[in-house]
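Structure, as structure tokens:
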Amino acid sequence: MFRSINNNQSELITIYFEGKALRVQKDLNVATALLEAGISNFRETTIKNENRGPYCMMGVCFDCLINIDGMDNQQSCMVKVSDGMKINRQITRNTSQDEQ
Ligand code: FES
């Protein structure tokens, strides 16, 4: 879906998305690294459980929230990848819908 227009490839590191190892350039932010790997579904909305992914890529829209190293609500477009980083989709179930 996305590919880098930067021809200057930097050193590769390993990150893990939902347990799957991905080799990515070390100078990327998390959102860019995942998009380049073909991953665009980063979280589900709380109310309707709709899929969301990065939109603005500059820290404004908060659609890129994701779980990084066990912490929810990380803005993936603002966090640089690091070797061994563990990333998971952010799923927050709306329990009030379950009661209806
Ligand atoms: S993509 Fe908008 S805040 Fe990260």
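Just remember, in the structure tokens the first chain shown is A, the second B, etc., residues are 1-based per chain, and ligands are 1-based in the order shown.
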### Message
Show me, as a PyMOL selection string, the residues that have an atom within 9 Å of region 57-59 of chain A when counting only C-alpha atoms, minus same-chain residues fewer than 4 positions from it.
### Response
chain A and resi 31-32+64+75-78
With C-alpha atoms retained, could you export that selection as an mmCIF file, in the first residue's frame?
data_model
loop_
_atom_site.group_PDB
_atom_site.id
_atom_site.type_symbol
_atom_site.label_atom_id
_atom_site.label_comp_id
_atom_site.auth_asym_id
_atom_site.auth_seq_id
_atom_site.Cartn_x
_atom_site.Cartn_y
_atom_site.Cartn_z
ATOM 1 C CA ALA A 31 3.267 4.564 12.134
ATOM 2 C CA THR A 32 5.494 4.808 9.063
ATOM 3 C CA CYS A 64 -2.878 6.380 15.174
ATOM 4 C CA GLN A 75 0.714 8.178 19.236
ATOM 5 C CA SER A 76 2.509 5.944 16.753
ATOM 6 C CA CYS A 77 3.294 8.831 14.406
ATOM 7 C CA MET A 78 5.251 10.551 17.187
#
Residues of region 3-80 of chain A within 12 Å of region 88-91 of chain A: nearest atom pair and distance (Å, one decimal) for each, counting only C-alpha atoms, sorted by chain and number, as JSON lines?
{"residue": "A:Ile15", "atom": "CA", "partner": "A:Asn88", "partner_atom": "CA", "distance": 10.9}
{"residue": "A:Tyr16", "atom": "CA", "partner": "A:Asn88", "partner_atom": "CA", "distance": 8.3}
{"residue": "A:Phe17", "atom": "CA", "partner": "A:Asn88", "partner_atom": "CA", "distance": 5.7}
{"residue": "A:Glu18", "atom": "CA", "partner": "A:Asn88", "partner_atom": "CA", "distance": 5.0}
{"residue": "A:Gly19", "atom": "CA", "partner": "A:Asn88", "partner_atom": "CA", "distance": 8.1}
{"residue": "A:Lys20", "atom": "CA", "partner": "A:Asn88", "partner_atom": "CA", "distance": 10.0}
{"residue": "A:Ala21", "atom": "CA", "partner": "A:Asn88", "partner_atom": "CA", "distance": 12.0}
{"residue": "A:Val30", "atom": "CA", "partner": "A:Asn88", "partner_atom": "CA", "distance": 11.3}
{"residue": "A:Ala31", "atom": "CA", "partner": "A:Arg89", "partner_atom": "CA", "distance": 11.7}
{"residue": "A:Leu34", "atom": "CA", "partner": "A:Asn88", "partner_atom": "CA", "distance": 10.9}
{"residue": "A:Ile39", "atom": "CA", "partner": "A:Arg89", "partner_atom": "CA", "distance": 10.2}
{"residue": "A:Ser40", "atom": "CA", "partner": "A:Arg89", "partner_atom": "CA", "distance": 10.2}
{"residue": "A:Asn41", "atom": "CA", "partner": "A:Arg89", "partner_atom": "CA", "distance": 7.5}
{"residue": "A:Phe42", "atom": "CA", "partner": "A:Arg89", "partner_atom": "CA", "distance": 5.0}
{"residue": "A:Arg43", "atom": "CA", "partner": "A:Gln90", "partner_atom": "CA", "distance": 4.5}
{"residue": "A:Glu44", "atom": "CA", "partner": "A:Ile91", "partner_atom": "CA", "distance": 5.5}
{"residue": "A:Thr45", "atom": "CA", "partner": "A:Ile91", "partner_atom": "CA", "distance": 7.8}
{"residue": "A:Thr46", "atom": "CA", "partner": "A:Ile91", "partner_atom": "CA", "distance": 7.9}
{"residue": "A:Ile47", "atom": "CA", "partner": "A:Ile91", "partner_atom": "CA", "distance": 11.1}
{"residue": "A:Lys48", "atom": "CA", "partner": "A:Ile91", "partner_atom": "CA", "distance": 11.4}
{"residue": "A:Asn49", "atom": "CA", "partner": "A:Ile91", "partner_atom": "CA", "distance": 8.1}
{"residue": "A:Glu50", "atom": "CA", "partner": "A:Ile91", "partner_atom": "CA", "distance": 10.0}
{"residue": "A:Asn51", "atom": "CA", "partner": "A:Ile91", "partner_atom": "CA", "distance": 9.6}
{"residue": "A:Arg52", "atom": "CA", "partner": "A:Gln90", "partner_atom": "CA", "distance": 9.7}
{"residue": "A:Gly53", "atom": "CA", "partner": "A:Arg89", "partner_atom": "CA", "distance": 9.9}
{"residue": "A:Asp63", "atom": "CA", "partner": "A:Gln90", "partner_atom": "CA", "distance": 10.9}
{"residue": "A:Cys64", "atom": "CA", "partner": "A:Gln90", "partner_atom": "CA", "distance": 9.6}
{"residue": "A:Leu65", "atom": "CA", "partner": "A:Gln90", "partner_atom": "CA", "distance": 7.1}
{"residue": "A:Ile66", "atom": "CA", "partner": "A:Gln90", "partner_atom": "CA", "distance": 5.0}
{"residue": "A:Asn67", "atom": "CA", "partner": "A:Asn88", "partner_atom": "CA", "distance": 5.1}
{"residue": "A:Ile68", "atom": "CA", "partner": "A:Asn88", "partner_atom": "CA", "distance": 6.6}
{"residue": "A:Asp69", "atom": "CA", "partner": "A:Asn88", "partner_atom": "CA", "distance": 8.2}
{"residue": "A:Gly70", "atom": "CA", "partner": "A:Asn88", "partner_atom": "CA", "distance": 8.1}
{"residue": "A:Met71", "atom": "CA", "partner": "A:Gln90", "partner_atom": "CA", "distance": 9.4}
{"residue": "A:Asp72", "atom": "CA", "partner": "A:Gln90", "partner_atom": "CA", "distance": 6.6}
{"residue": "A:Asn73", "atom": "CA", "partner": "A:Gln90", "partner_atom": "CA", "distance": 7.7}
{"residue": "A:Gln74", "atom": "CA", "partner": "A:Gln90", "partner_atom": "CA", "distance": 9.4}
{"residue": "A:Gln75", "atom": "CA", "partner": "A:Gln90", "partner_atom": "CA", "distance": 11.2}
{"residue": "A:Ser76", "atom": "CA", "partner": "A:Arg89", "partner_atom": "CA", "distance": 10.9}
### Query
CA of Ser82 (chain A) and CA of Asn7 (chain A), how far apart in Å?
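Separation of CA of Asn7 (chain A) and CA of Ser82 (chain A): 20.8 Å.
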Please identify the strand (DSSP E) residues within chain A (assignment by DSSP from backbone atoms) and present them as an mmCIF file with C-alpha atoms, in the first residue's frame.
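Now in result.cif:
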data_model
loop_
_atom_site.group_PDB
_atom_site.id
_atom_site.type_symbol
_atom_site.label_atom_id
_atom_site.label_comp_id
_atom_site.auth_asym_id
_atom_site.auth_seq_id
_atom_site.Cartn_x
_atom_site.Cartn_y
_atom_site.Cartn_z
ATOM 1 C CA LEU A 12 17.476 -2.265 9.937
ATOM 2 C CA ILE A 13 16.136 -3.211 13.357
ATOM 3 C CA THR A 14 13.480 -5.707 14.458
ATOM 4 C CA ILE A 15 10.132 -4.711 15.903
ATOM 5 C CA TYR A 16 7.209 -7.022 16.676
ATOM 6 C CA PHE A 17 3.640 -6.358 15.605
ATOM 7 C CA LYS A 20 5.243 -11.044 14.130
ATOM 8 C CA ALA A 21 8.817 -9.857 13.604
ATOM 9 C CA LEU A 22 9.246 -6.977 11.161
ATOM 10 C CA ARG A 23 12.571 -5.658 9.880
ATOM 11 C CA VAL A 24 12.271 -1.884 9.618
ATOM 12 C CA GLN A 25 14.558 1.090 9.170
ATOM 13 C CA ARG A 43 -6.934 0.349 16.702
ATOM 14 C CA GLU A 44 -10.694 0.110 17.100
ATOM 15 C CA ASN A 51 -11.013 0.314 12.532
ATOM 16 C CA ARG A 52 -8.694 3.307 12.619
ATOM 17 C CA LEU A 65 -3.152 5.379 18.843
ATOM 18 C CA ILE A 66 -1.641 1.961 19.475
ATOM 19 C CA ASN A 67 -0.222 -0.181 22.240
ATOM 20 C CA ILE A 68 3.573 0.048 22.443
ATOM 21 C CA MET A 71 1.148 0.916 27.091
ATOM 22 C CA ASP A 72 -2.077 1.965 25.344
ATOM 23 C CA ASN A 73 -2.729 5.381 23.799
ATOM 24 C CA GLN A 74 0.710 5.871 22.251
ATOM 25 C CA GLN A 75 0.714 8.178 19.236
ATOM 26 C CA LYS A 86 6.507 -4.817 20.924
ATOM 27 C CA ILE A 87 3.463 -3.263 19.269
ATOM 28 C CA ASN A 88 -0.147 -4.416 19.395
#
### Task
Using only C-alpha atoms and all ligand atoms, pick whichever of A:Ala33, A:Leu28, A:Cys61, A:Glu11 has the shortest atom-to-atom distance to ligand 1.
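Going through A:Ala33, A:Leu28, A:Cys61, A:Glu11 one by one, the smallest distance to ligand 1 is for A:Cys61.
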### Message
Run DSSP on the backbone and tell me which residues of chain A come out as alpha helix (DSSP H); list them as a ChimeraX atom specification.
### Response
/A:30-36,95-98
Expected file contents, prior selection, C-alpha atoms, as a tab-separated table (two decimals), in the first residue's frame:
chain	number	residue	atom	x	y	z
A	30	VAL	CA	6.13	3.49	14.42
A	31	ALA	CA	3.27	4.56	12.13
A	32	THR	CA	5.49	4.81	9.06
A	33	ALA	CA	7.19	1.49	9.80
A	34	LEU	CA	3.84	-0.30	10.11
A	35	LEU	CA	2.36	1.35	7.02
A	36	GLU	CA	5.41	0.32	4.99
A	95	THR	CA	-19.00	-3.13	27.47
A	96	SER	CA	-22.21	-1.07	27.54
A	97	GLN	CA	-23.10	-2.48	24.08
A	98	ASP	CA	-22.75	-5.98	25.45
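Comparing the minimum interatomic distances between ligand 1 and each of A:Arg3, A:Asp27, A:Val79, A:Pro54, counting only C-alpha atoms and all ligand atoms, we find that A:Pro54 sits nearest.
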### Query
Which residue gives the smallest distance to ligand 1 among A:Asn8, A:Asn29, A:Phe2, A:Phe62, with only C-alpha atoms and all ligand atoms counted?
A:Phe62
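Using only C-alpha atoms and all ligand atoms, the shortest contact distance between ligand 1 and any of A:Cys56, A:Gly38, A:Asn6, A:Lys26 is found at A:Cys56.
Closest approach to ligand 1 among A:Ile5, A:Ala37, A:Asp83, A:Tyr55 is made by A:Tyr55 (distances from only C-alpha atoms and all ligand atoms).
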